[in-house]
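Chemist: First, the structure itself, so that you have it in front of you.
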Amino acid sequence: MGSEISQGYCDYSHCDNRGGFPVSMTIAEFKAQQVEAATRKGKRAEKAALPGHKPKAKRRGRKSERAILAKKLDSLVSMFVRLRDKKANNGLCFLCRIRPIEVAYHIIPRGRMILRWDLENVRGGCSPCNFGEKNHRLLYREKHIGAIGALKYAELEARARETAKFSVGDLRDLKAGIERRLREGF
């Protein structure tokens, strides 16, 4: 019986097969592997049943204070910019001036952390301009220069090359500043 071939799937413990392709092994090897896995599982259960054993804390679902602040800042900046630009541009996209403002649009992508919450880098825009810019960055670069001026665009590009790591305190200060400006009416 031990010489029969079974089509199982590789668990990467005994071979170089990394794609999960069928691996030929004997039925005895396959059953021995299952027994070994059950033994490991049983040992974990026995250890968990011991008095005084503390299971490892799970972090699922809990976000850090920094992540929560960053998400709140994203929402605040978006709301602030859309309200500010609706007043300034009669509610129209800052690029095309045709469609209404739907989103907060980052001139320099928000992945550049130093400019992510910079109110000079964020403008109210329509969804087609926002998504079109992602695919045609060079075309939109010219539109940005036309909309905000070459000097301002060059300043934003220069600042985008800098690195920034915001602490929790920095994020709290940014949040408080934007909330204050919202209360004061821009």
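Naming scheme: A, B, ... for chains in displayed order of the structure tokens; residues 1 onward per chain; ligands 1 onward as shown.
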I want to know what sits within 12 Å of A:Arg161, based on only C-alpha atoms, with residues of the same chain fewer than 2 positions away left out; could you give that as a list in words?
Modeler: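 Here the answer would be Ile108, Pro109, Gly111, Arg112, Met113, Ile114, Leu115, Ala154, Glu155, Leu156, Glu157, Ala158, Arg159, Thr163 and Ala164 of chain A.
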Chemist: Restricted to all heavy atoms, what would the selected residues look like written as an mmCIF file, in the first residue's frame?
Modeler:
data_model
loop_
_atom_site.group_PDB
_atom_site.id
_atom_site.type_symbol
_atom_site.label_atom_id
_atom_site.label_comp_id
_atom_site.auth_asym_id
_atom_site.auth_seq_id
_atom_site.Cartn_x
_atom_site.Cartn_y
_atom_site.Cartn_z
ATOM 1 N N ILE A 108 -0.251 67.388 -6.665
ATOM 2 C CA ILE A 108 0.827 66.405 -6.520
ATOM 3 C C ILE A 108 0.198 65.243 -5.753
ATOM 4 O O ILE A 108 -0.432 65.458 -4.725
ATOM 5 C CB ILE A 108 2.028 66.987 -5.734
ATOM 6 C CG1 ILE A 108 2.544 68.277 -6.372
ATOM 7 C CG2 ILE A 108 3.124 65.946 -5.582
ATOM 8 C CD1 ILE A 108 3.192 68.128 -7.724
ATOM 9 N N PRO A 109 0.312 64.003 -6.217
ATOM 10 C CA PRO A 109 -0.388 62.875 -5.588
ATOM 11 C C PRO A 109 -0.178 62.812 -4.075
ATOM 12 O O PRO A 109 0.893 63.136 -3.567
ATOM 13 C CB PRO A 109 0.218 61.650 -6.276
ATOM 14 C CG PRO A 109 0.681 62.159 -7.591
ATOM 15 C CD PRO A 109 1.135 63.569 -7.353
ATOM 16 N N GLY A 111 0.335 60.518 -2.151
ATOM 17 C CA GLY A 111 1.360 59.595 -1.679
ATOM 18 C C GLY A 111 2.612 60.314 -1.223
ATOM 19 O O GLY A 111 3.403 59.768 -0.451
ATOM 20 N N ARG A 112 2.812 61.527 -1.672
ATOM 21 C CA ARG A 112 3.912 62.357 -1.182
ATOM 22 C C ARG A 112 3.443 62.942 0.141
ATOM 23 O O ARG A 112 2.742 63.947 0.179
ATOM 24 C CB ARG A 112 4.246 63.468 -2.170
ATOM 25 C CG ARG A 112 4.496 63.005 -3.583
ATOM 26 C CD ARG A 112 5.839 62.288 -3.686
ATOM 27 N NE ARG A 112 6.036 61.737 -5.004
ATOM 28 C CZ ARG A 112 6.684 62.341 -5.982
ATOM 29 N NH1 ARG A 112 7.183 63.535 -5.813
ATOM 30 N NH2 ARG A 112 6.821 61.748 -7.141
ATOM 31 N N MET A 113 3.797 62.289 1.221
ATOM 32 C CA MET A 113 3.230 62.603 2.533
ATOM 33 C C MET A 113 3.378 64.064 2.935
ATOM 34 O O MET A 113 2.514 64.603 3.616
ATOM 35 C CB MET A 113 3.849 61.715 3.608
ATOM 36 C CG MET A 113 3.419 60.274 3.513
ATOM 37 S SD MET A 113 1.638 60.034 3.600
ATOM 38 C CE MET A 113 1.326 60.481 5.285
ATOM 39 N N ILE A 114 4.447 64.701 2.529
ATOM 40 C CA ILE A 114 4.653 66.082 2.947
ATOM 41 C C ILE A 114 3.567 67.005 2.402
ATOM 42 O O ILE A 114 3.258 68.036 2.992
ATOM 43 C CB ILE A 114 6.068 66.575 2.572
ATOM 44 C CG1 ILE A 114 6.411 67.809 3.385
ATOM 45 C CG2 ILE A 114 6.189 66.824 1.080
ATOM 46 C CD1 ILE A 114 7.888 68.123 3.437
ATOM 47 N N LEU A 115 2.943 66.626 1.278
ATOM 48 C CA LEU A 115 1.905 67.456 0.670
ATOM 49 C C LEU A 115 0.496 66.876 0.828
ATOM 50 O O LEU A 115 -0.460 67.465 0.342
ATOM 51 C CB LEU A 115 2.197 67.649 -0.820
ATOM 52 C CG LEU A 115 3.455 68.425 -1.157
ATOM 53 C CD1 LEU A 115 3.695 68.411 -2.653
ATOM 54 C CD2 LEU A 115 3.365 69.839 -0.641
ATOM 55 N N ALA A 154 6.074 74.766 -9.453
ATOM 56 C CA ALA A 154 7.483 74.432 -9.201
ATOM 57 C C ALA A 154 7.745 74.325 -7.699
ATOM 58 O O ALA A 154 8.493 73.441 -7.250
ATOM 59 C CB ALA A 154 8.394 75.476 -9.839
ATOM 60 N N GLU A 155 7.130 75.202 -6.907
ATOM 61 C CA GLU A 155 7.290 75.133 -5.447
ATOM 62 C C GLU A 155 6.722 73.824 -4.905
ATOM 63 O O GLU A 155 7.343 73.178 -4.054
ATOM 64 C CB GLU A 155 6.578 76.315 -4.782
ATOM 65 C CG GLU A 155 7.263 77.649 -4.974
ATOM 66 C CD GLU A 155 6.432 78.803 -4.422
ATOM 67 O OE1 GLU A 155 5.404 78.550 -3.736
ATOM 68 O OE2 GLU A 155 6.794 79.952 -4.683
ATOM 69 N N LEU A 156 5.548 73.437 -5.395
ATOM 70 C CA LEU A 156 4.946 72.176 -4.945
ATOM 71 C C LEU A 156 5.816 70.982 -5.342
ATOM 72 O O LEU A 156 6.015 70.060 -4.545
ATOM 73 C CB LEU A 156 3.541 72.017 -5.518
ATOM 74 C CG LEU A 156 2.445 72.885 -4.914
ATOM 75 C CD1 LEU A 156 1.143 72.712 -5.688
ATOM 76 C CD2 LEU A 156 2.230 72.562 -3.449
ATOM 77 N N GLU A 157 6.335 70.995 -6.564
ATOM 78 C CA GLU A 157 7.210 69.897 -7.000
ATOM 79 C C GLU A 157 8.469 69.818 -6.146
ATOM 80 O O GLU A 157 8.927 68.737 -5.802
ATOM 81 C CB GLU A 157 7.588 70.065 -8.467
ATOM 82 C CG GLU A 157 6.536 69.592 -9.430
ATOM 83 C CD GLU A 157 7.025 69.597 -10.868
ATOM 84 O OE1 GLU A 157 7.824 70.490 -11.235
ATOM 85 O OE2 GLU A 157 6.598 68.714 -11.623
ATOM 86 N N ALA A 158 9.043 70.977 -5.810
ATOM 87 C CA ALA A 158 10.257 70.993 -4.982
ATOM 88 C C ALA A 158 9.953 70.446 -3.585
ATOM 89 O O ALA A 158 10.729 69.653 -3.036
ATOM 90 C CB ALA A 158 10.817 72.411 -4.889
ATOM 91 N N ARG A 159 8.832 70.846 -3.015
ATOM 92 C CA ARG A 159 8.466 70.353 -1.686
ATOM 93 C C ARG A 159 8.154 68.862 -1.718
ATOM 94 O O ARG A 159 8.376 68.159 -0.733
ATOM 95 C CB ARG A 159 7.267 71.126 -1.147
ATOM 96 C CG ARG A 159 7.667 72.535 -0.745
ATOM 97 C CD ARG A 159 6.653 73.244 0.102
ATOM 98 N NE ARG A 159 6.244 72.469 1.245
ATOM 99 C CZ ARG A 159 4.971 72.412 1.659
ATOM 100 N NH1 ARG A 159 4.031 73.053 1.028
ATOM 101 N NH2 ARG A 159 4.665 71.699 2.715
ATOM 102 N N THR A 163 11.186 64.698 2.327
ATOM 103 C CA THR A 163 10.539 63.597 3.043
ATOM 104 C C THR A 163 9.939 64.129 4.332
ATOM 105 O O THR A 163 10.413 65.119 4.893
ATOM 106 C CB THR A 163 11.544 62.474 3.377
ATOM 107 O OG1 THR A 163 12.600 63.021 4.148
ATOM 108 C CG2 THR A 163 12.084 61.845 2.124
ATOM 109 N N ALA A 164 8.913 63.472 4.788
ATOM 110 C CA ALA A 164 8.261 63.880 6.029
ATOM 111 C C ALA A 164 7.713 62.654 6.738
ATOM 112 O O ALA A 164 7.199 61.744 6.106
ATOM 113 C CB ALA A 164 7.136 64.856 5.751
#
Chemist: Determine, counting only C-alpha atoms, which protein, DNA and RNA residues have an atom within 7 Å of an atom of A:Tyr105; residues of the same chain fewer than 4 positions away are not included. Present the result as a list in words.
Modeler: Val122, Arg123, Gly124, Gly125 and Asn130 of chain A
Chemist: Keeping only N, CA and C atoms, write the selected residues to a file as a PDB file, in the first residue's frame.
Modeler:
ATOM      1  N   VAL A 122      -4.220  70.800  -2.580  1.00  0.00           N
ATOM      2  CA  VAL A 122      -5.514  70.144  -2.749  1.00  0.00           C
ATOM      3  C   VAL A 122      -6.522  71.160  -3.269  1.00  0.00           C
ATOM      4  N   ARG A 123      -7.240  70.786  -4.320  1.00  0.00           N
ATOM      5  CA  ARG A 123      -8.254  71.651  -4.929  1.00  0.00           C
ATOM      6  C   ARG A 123      -9.521  70.848  -5.134  1.00  0.00           C
ATOM      7  N   GLY A 124     -10.634  71.545  -5.266  1.00  0.00           N
ATOM      8  CA  GLY A 124     -11.908  70.888  -5.545  1.00  0.00           C
ATOM      9  C   GLY A 124     -11.983  70.550  -7.020  1.00  0.00           C
ATOM     10  N   GLY A 125     -12.297  69.325  -7.333  1.00  0.00           N
ATOM     11  CA  GLY A 125     -12.359  68.899  -8.732  1.00  0.00           C
ATOM     12  C   GLY A 125     -13.495  67.941  -8.986  1.00  0.00           C
ATOM     13  N   ASN A 130     -10.225  64.111 -11.881  1.00  0.00           N
ATOM     14  CA  ASN A 130      -9.432  63.424 -10.867  1.00  0.00           C
ATOM     15  C   ASN A 130      -8.918  62.089 -11.384  1.00  0.00           C
TER      16      ASN A 130
END
Chemist: Pick from A:Asn121, A:Pro100, A:Arg84, A:Ala37: nearest to A:Ile148, with only C-alpha atoms counted?
Modeler: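 Of A:Asn121, A:Pro100, A:Arg84, A:Ala37, the one nearest A:Ile148, counting only C-alpha atoms, is A:Asn121.
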Chemist: Would you list the contacts of A:Gly91 as a list of chain:residue names, taking every protein, DNA or RNA residue within 9 Å and counting only C-alpha atoms, but skipping same-chain residues closer than 6 positions in sequence?
Modeler: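 That gives A:Arg82, A:Leu83, A:Asp85, A:Arg97, A:Arg99, A:Pro100, A:Ile101, A:Gly124.
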Chemist: Residues near A:Glu142, anyone? I mean within 10 Å using only C-alpha atoms, not counting same-chain ones fewer than 6 positions away, as a ChimeraX atom specification.
Modeler: /A:149-150,153
Chemist: Compare A:Val35, A:Ile178, A:Leu95, A:Cys126 by their minimum atom-to-atom distance to A:Tyr140, counting only C-alpha atoms, and give me the closest one.
Modeler: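 Nearest candidate to A:Tyr140 out of A:Val35, A:Ile178, A:Leu95, A:Cys126: A:Leu95.
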Chemist: Using only C-alpha atoms, find each residue in stretch 21-134 of chain A having at least one atom no more than 12 Å away from stretch 165-168 of chain A; report its shortest atom-to-atom pair and that distance in Å (one decimal), rows by chain then rising number, as JSON lines.
Modeler:
{"residue": "A:Ser64", "atom": "CA", "partner": "A:Val168", "partner_atom": "CA", "distance": 9.9}
{"residue": "A:Glu65", "atom": "CA", "partner": "A:Val168", "partner_atom": "CA", "distance": 7.3}
{"residue": "A:Arg66", "atom": "CA", "partner": "A:Val168", "partner_atom": "CA", "distance": 5.5}
{"residue": "A:Ala67", "atom": "CA", "partner": "A:Val168", "partner_atom": "CA", "distance": 9.2}
{"residue": "A:Ile68", "atom": "CA", "partner": "A:Val168", "partner_atom": "CA", "distance": 10.0}
{"residue": "A:Leu69", "atom": "CA", "partner": "A:Val168", "partner_atom": "CA", "distance": 7.7}
{"residue": "A:Ala70", "atom": "CA", "partner": "A:Val168", "partner_atom": "CA", "distance": 9.1}
{"residue": "A:Leu73", "atom": "CA", "partner": "A:Val168", "partner_atom": "CA", "distance": 11.7}
{"residue": "A:Arg112", "atom": "CA", "partner": "A:Lys165", "partner_atom": "CA", "distance": 10.6}
{"residue": "A:Met113", "atom": "CA", "partner": "A:Lys165", "partner_atom": "CA", "distance": 7.6}
{"residue": "A:Ile114", "atom": "CA", "partner": "A:Lys165", "partner_atom": "CA", "distance": 7.8}
{"residue": "A:Leu115", "atom": "CA", "partner": "A:Phe166", "partner_atom": "CA", "distance": 11.3}
{"residue": "A:Arg116", "atom": "CA", "partner": "A:Phe166", "partner_atom": "CA", "distance": 10.8}
{"residue": "A:Trp117", "atom": "CA", "partner": "A:Phe166", "partner_atom": "CA", "distance": 10.9}
Chemist: Would you output that residue set with all heavy atoms, as a compact mmCIF listing (two decimals), in the first residue's frame?
Modeler:
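Below is the file that was written, again_18.txt:
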# COMPACT_ATOMS: atom_id res chain seq x y z
N SER A 64 -4.24 52.06 14.95
CA SER A 64 -3.42 52.93 15.78
C SER A 64 -4.01 54.33 15.79
O SER A 64 -4.78 54.72 14.92
CB SER A 64 -1.99 52.96 15.25
OG SER A 64 -1.97 53.64 14.00
N GLU A 65 -3.61 55.11 16.79
CA GLU A 65 -4.09 56.49 16.88
C GLU A 65 -3.65 57.27 15.65
O GLU A 65 -4.39 58.10 15.13
CB GLU A 65 -3.55 57.15 18.14
CG GLU A 65 -4.06 58.55 18.34
CD GLU A 65 -3.52 59.23 19.57
OE1 GLU A 65 -2.67 58.64 20.28
OE2 GLU A 65 -3.93 60.37 19.83
N ARG A 66 -2.46 56.97 15.17
CA ARG A 66 -1.94 57.67 13.99
C ARG A 66 -2.81 57.40 12.76
O ARG A 66 -3.14 58.30 12.00
CB ARG A 66 -0.50 57.24 13.73
CG ARG A 66 0.16 58.03 12.65
CD ARG A 66 1.59 57.57 12.43
NE ARG A 66 2.29 58.46 11.56
CZ ARG A 66 1.99 58.68 10.29
NH1 ARG A 66 0.98 58.07 9.74
NH2 ARG A 66 2.68 59.52 9.57
N ALA A 67 -3.21 56.14 12.57
CA ALA A 67 -4.05 55.78 11.43
C ALA A 67 -5.42 56.43 11.53
O ALA A 67 -5.96 56.91 10.53
CB ALA A 67 -4.19 54.26 11.34
N ILE A 68 -5.97 56.49 12.74
CA ILE A 68 -7.27 57.14 12.93
C ILE A 68 -7.17 58.63 12.64
O ILE A 68 -8.03 59.20 11.96
CB ILE A 68 -7.78 56.87 14.37
CG1 ILE A 68 -8.12 55.39 14.54
CG2 ILE A 68 -8.99 57.74 14.68
CD1 ILE A 68 -8.34 54.95 15.96
N LEU A 69 -6.11 59.27 13.15
CA LEU A 69 -5.92 60.71 12.89
C LEU A 69 -5.73 60.98 11.40
O LEU A 69 -6.26 61.97 10.88
CB LEU A 69 -4.72 61.23 13.68
CG LEU A 69 -4.98 61.57 15.14
CD1 LEU A 69 -3.65 61.83 15.85
CD2 LEU A 69 -5.89 62.76 15.27
N ALA A 70 -4.97 60.14 10.72
CA ALA A 70 -4.73 60.34 9.28
C ALA A 70 -6.05 60.25 8.52
O ALA A 70 -6.31 61.07 7.62
CB ALA A 70 -3.74 59.31 8.76
N LEU A 73 -8.04 63.39 9.22
CA LEU A 73 -7.44 64.51 8.50
C LEU A 73 -7.81 64.47 7.02
O LEU A 73 -8.10 65.51 6.42
CB LEU A 73 -5.92 64.50 8.65
CG LEU A 73 -5.35 65.44 9.68
CD1 LEU A 73 -3.88 65.16 9.89
CD2 LEU A 73 -5.57 66.87 9.33
N ARG A 112 2.81 61.53 -1.67
CA ARG A 112 3.91 62.36 -1.18
C ARG A 112 3.44 62.94 0.14
O ARG A 112 2.74 63.95 0.18
CB ARG A 112 4.25 63.47 -2.17
CG ARG A 112 4.50 63.00 -3.58
CD ARG A 112 5.84 62.29 -3.69
NE ARG A 112 6.04 61.74 -5.00
CZ ARG A 112 6.68 62.34 -5.98
NH1 ARG A 112 7.18 63.54 -5.81
NH2 ARG A 112 6.82 61.75 -7.14
N MET A 113 3.80 62.29 1.22
CA MET A 113 3.23 62.60 2.53
C MET A 113 3.38 64.06 2.93
O MET A 113 2.51 64.60 3.62
CB MET A 113 3.85 61.71 3.61
CG MET A 113 3.42 60.27 3.51
SD MET A 113 1.64 60.03 3.60
CE MET A 113 1.33 60.48 5.29
N ILE A 114 4.45 64.70 2.53
CA ILE A 114 4.65 66.08 2.95
C ILE A 114 3.57 67.00 2.40
O ILE A 114 3.26 68.04 2.99
CB ILE A 114 6.07 66.57 2.57
CG1 ILE A 114 6.41 67.81 3.39
CG2 ILE A 114 6.19 66.82 1.08
CD1 ILE A 114 7.89 68.12 3.44
N LEU A 115 2.94 66.63 1.28
CA LEU A 115 1.91 67.46 0.67
C LEU A 115 0.50 66.88 0.83
O LEU A 115 -0.46 67.47 0.34
CB LEU A 115 2.20 67.65 -0.82
CG LEU A 115 3.46 68.43 -1.16
CD1 LEU A 115 3.70 68.41 -2.65
CD2 LEU A 115 3.36 69.84 -0.64
N ARG A 116 0.38 65.77 1.50
CA ARG A 116 -0.92 65.08 1.58
C ARG A 116 -2.01 65.98 2.16
O ARG A 116 -3.13 66.00 1.66
CB ARG A 116 -0.78 63.82 2.43
CG ARG A 116 -2.07 63.04 2.53
CD ARG A 116 -1.83 61.74 3.25
NE ARG A 116 -3.05 60.96 3.36
CZ ARG A 116 -3.06 59.70 3.77
NH1 ARG A 116 -1.94 59.09 4.07
NH2 ARG A 116 -4.19 59.05 3.86
N TRP A 117 -1.70 66.72 3.22
CA TRP A 117 -2.70 67.57 3.86
C TRP A 117 -2.40 69.05 3.66
O TRP A 117 -2.95 69.89 4.36
CB TRP A 117 -2.80 67.23 5.34
CG TRP A 117 -3.18 65.81 5.56
CD1 TRP A 117 -4.36 65.22 5.23
CD2 TRP A 117 -2.38 64.77 6.12
NE1 TRP A 117 -4.36 63.89 5.55
CE2 TRP A 117 -3.15 63.58 6.11
CE3 TRP A 117 -1.10 64.71 6.65
CZ2 TRP A 117 -2.68 62.38 6.61
CZ3 TRP A 117 -0.63 63.51 7.13
CH2 TRP A 117 -1.41 62.36 7.10
Chemist: I need the residues of chain A that end up classed as strand (DSSP E) by DSSP on the backbone, written out as an MDAnalysis selection string.
Modeler: chainID A and resid 5:9 22:26 103:106 122:125
